[in-house]
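Here is the structure we will look at.
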Amino acid sequence: QVHLVESGGGLVQAGGSLRLSCAASGSIFSIYYMGWYRQDPGKQRELVALISSGGSTNYGDSVKGRFTISRDNAKNTVYLQMNSLKPEDTAVYYCKAGVNGREYWGQGTQVTVSS
């Protein structure tokens, strides 16, 4: 079994920054990708950013230029540096990872950006 544990969410003013972390633990043989999605109540879950084991990245259009994803393969951890936050970034942020040929989700961490 594999577990994803997120941390770093919270309340921040518009224009501020937050850094999210997601650590994978358990019986891990291979992590293909790790990343983040977000979901606001009443809306579909949307891609924020993904990073492959080789370091290739993919960002959602609404966060390009403001958010940066990175990973520490030795620690099985992915980070999301969020800068220039906007109220519309408010959502529950979920970590997702492709591990051992299966997909796993974290429980989510709330990010609230006040105007």
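Here's how to read the names in the structure tokens: chain A, B, ... by the order shown, residue numbers from 1 in each chain, ligand numbers from 1 in the order shown.
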
Set out as JSON lines a contact list for range 10-59 of chain A and range 66-88 of chain A with a cut-off of 8 Å, giving each residue of range 10-59 of chain A that qualifies its closest atom pair and distance in Å to one decimal, counting only C-alpha atoms, ordered by chain and rising residue number.
```
{"residue": "A:Gln13", "atom": "CA", "partner": "A:Leu85", "partner_atom": "CA", "distance": 7.7}
{"residue": "A:Ala14", "atom": "CA", "partner": "A:Lys86", "partner_atom": "CA", "distance": 5.0}
{"residue": "A:Gly15", "atom": "CA", "partner": "A:Ser84", "partner_atom": "CA", "distance": 4.2}
{"residue": "A:Gly16", "atom": "CA", "partner": "A:Ser84", "partner_atom": "CA", "distance": 5.5}
{"residue": "A:Ser17", "atom": "CA", "partner": "A:Asn83", "partner_atom": "CA", "distance": 4.4}
{"residue": "A:Leu18", "atom": "CA", "partner": "A:Met82", "partner_atom": "CA", "distance": 5.2}
{"residue": "A:Arg19", "atom": "CA", "partner": "A:Gln81", "partner_atom": "CA", "distance": 4.5}
{"residue": "A:Leu20", "atom": "CA", "partner": "A:Leu80", "partner_atom": "CA", "distance": 5.0}
{"residue": "A:Ser21", "atom": "CA", "partner": "A:Tyr79", "partner_atom": "CA", "distance": 4.5}
{"residue": "A:Cys22", "atom": "CA", "partner": "A:Val78", "partner_atom": "CA", "distance": 5.3}
{"residue": "A:Ala23", "atom": "CA", "partner": "A:Thr77", "partner_atom": "CA", "distance": 4.3}
{"residue": "A:Ala24", "atom": "CA", "partner": "A:Asn76", "partner_atom": "CA", "distance": 5.4}
{"residue": "A:Ser25", "atom": "CA", "partner": "A:Asn76", "partner_atom": "CA", "distance": 7.4}
{"residue": "A:Ile31", "atom": "CA", "partner": "A:Asn76", "partner_atom": "CA", "distance": 7.9}
{"residue": "A:Met34", "atom": "CA", "partner": "A:Val78", "partner_atom": "CA", "distance": 6.4}
{"residue": "A:Gly35", "atom": "CA", "partner": "A:Val78", "partner_atom": "CA", "distance": 6.9}
{"residue": "A:Trp36", "atom": "CA", "partner": "A:Leu80", "partner_atom": "CA", "distance": 7.8}
{"residue": "A:Ala49", "atom": "CA", "partner": "A:Ile69", "partner_atom": "CA", "distance": 6.5}
{"residue": "A:Leu50", "atom": "CA", "partner": "A:Ile69", "partner_atom": "CA", "distance": 7.1}
{"residue": "A:Ile51", "atom": "CA", "partner": "A:Ile69", "partner_atom": "CA", "distance": 6.9}
{"residue": "A:Ser53", "atom": "CA", "partner": "A:Asn73", "partner_atom": "CA", "distance": 7.5}
{"residue": "A:Gly55", "atom": "CA", "partner": "A:Ser70", "partner_atom": "CA", "distance": 7.9}
{"residue": "A:Thr57", "atom": "CA", "partner": "A:Ile69", "partner_atom": "CA", "distance": 7.4}
```

### Task
Could you pull out the residues in chain A that DSSP calls strand (DSSP E) from the backbone, as a PyMOL selection string?
chain A and resi 2-7+10-13+18-26+31-39+46-52+57-59+67-72+77-82+91-99+102-105+109-114

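Residues of chain A that DSSP, applied to the backbone, places in helix (DSSP H, G or I): Asp61, Ser62, Val63, Asn73, Ala74, Lys75, Pro87, Glu88 and Asp89 of chain A.
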
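Minimum atom-to-atom distance to Gly26 in chain A, evaluated using only C-alpha atoms, belongs to A:Asn100 out of A:Val63, A:Gly10, A:Asn100, A:Gln44.
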
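CA of Ser52 in chain A is positioned 25.3 Å from CA of Thr90 in chain A.
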
### Query
For Gly65 in chain A, which of A:Tyr104, A:Val48, A:Gln1, A:Lys43 is the closest residue, counting only C-alpha atoms?
A:Val48

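Minimum atom-to-atom distance to Glu6 in chain A, evaluated using only C-alpha atoms, belongs to A:Ala97 out of A:Ala97, A:Arg102, A:Gln39, A:Val113.
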
### Task
Point out the residue among A:Tyr32, A:Tyr94, A:Gly42, A:Leu4 with the least atom-to-atom distance to Ser56 in chain A, counting only C-alpha atoms.
A:Tyr32

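Considering the residues A:Ala91, A:Ile28, A:Val2, A:Leu47 and counting only C-alpha atoms, Trp105 in chain A has its shortest atom-to-atom contact with A:Val2.
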
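Across A:Gly54, A:Gly106, A:Gly60, A:Gly101, the tightest approach to Asp89 in chain A is made by A:Gly60 when counting only C-alpha atoms.
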
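Computed from the coordinates, the CA of Ser30 in chain A to CA of Glu103 in chain A distance equals 11.8 Å.
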
### Residues within 9 Å of Gly108 in chain A, only C-alpha atoms, excluding chain neighbours under 4 positions, as a list in words
Val5, Glu6, Ser7, Arg38, Val92, Tyr93, Tyr94 and Cys95 of chain A
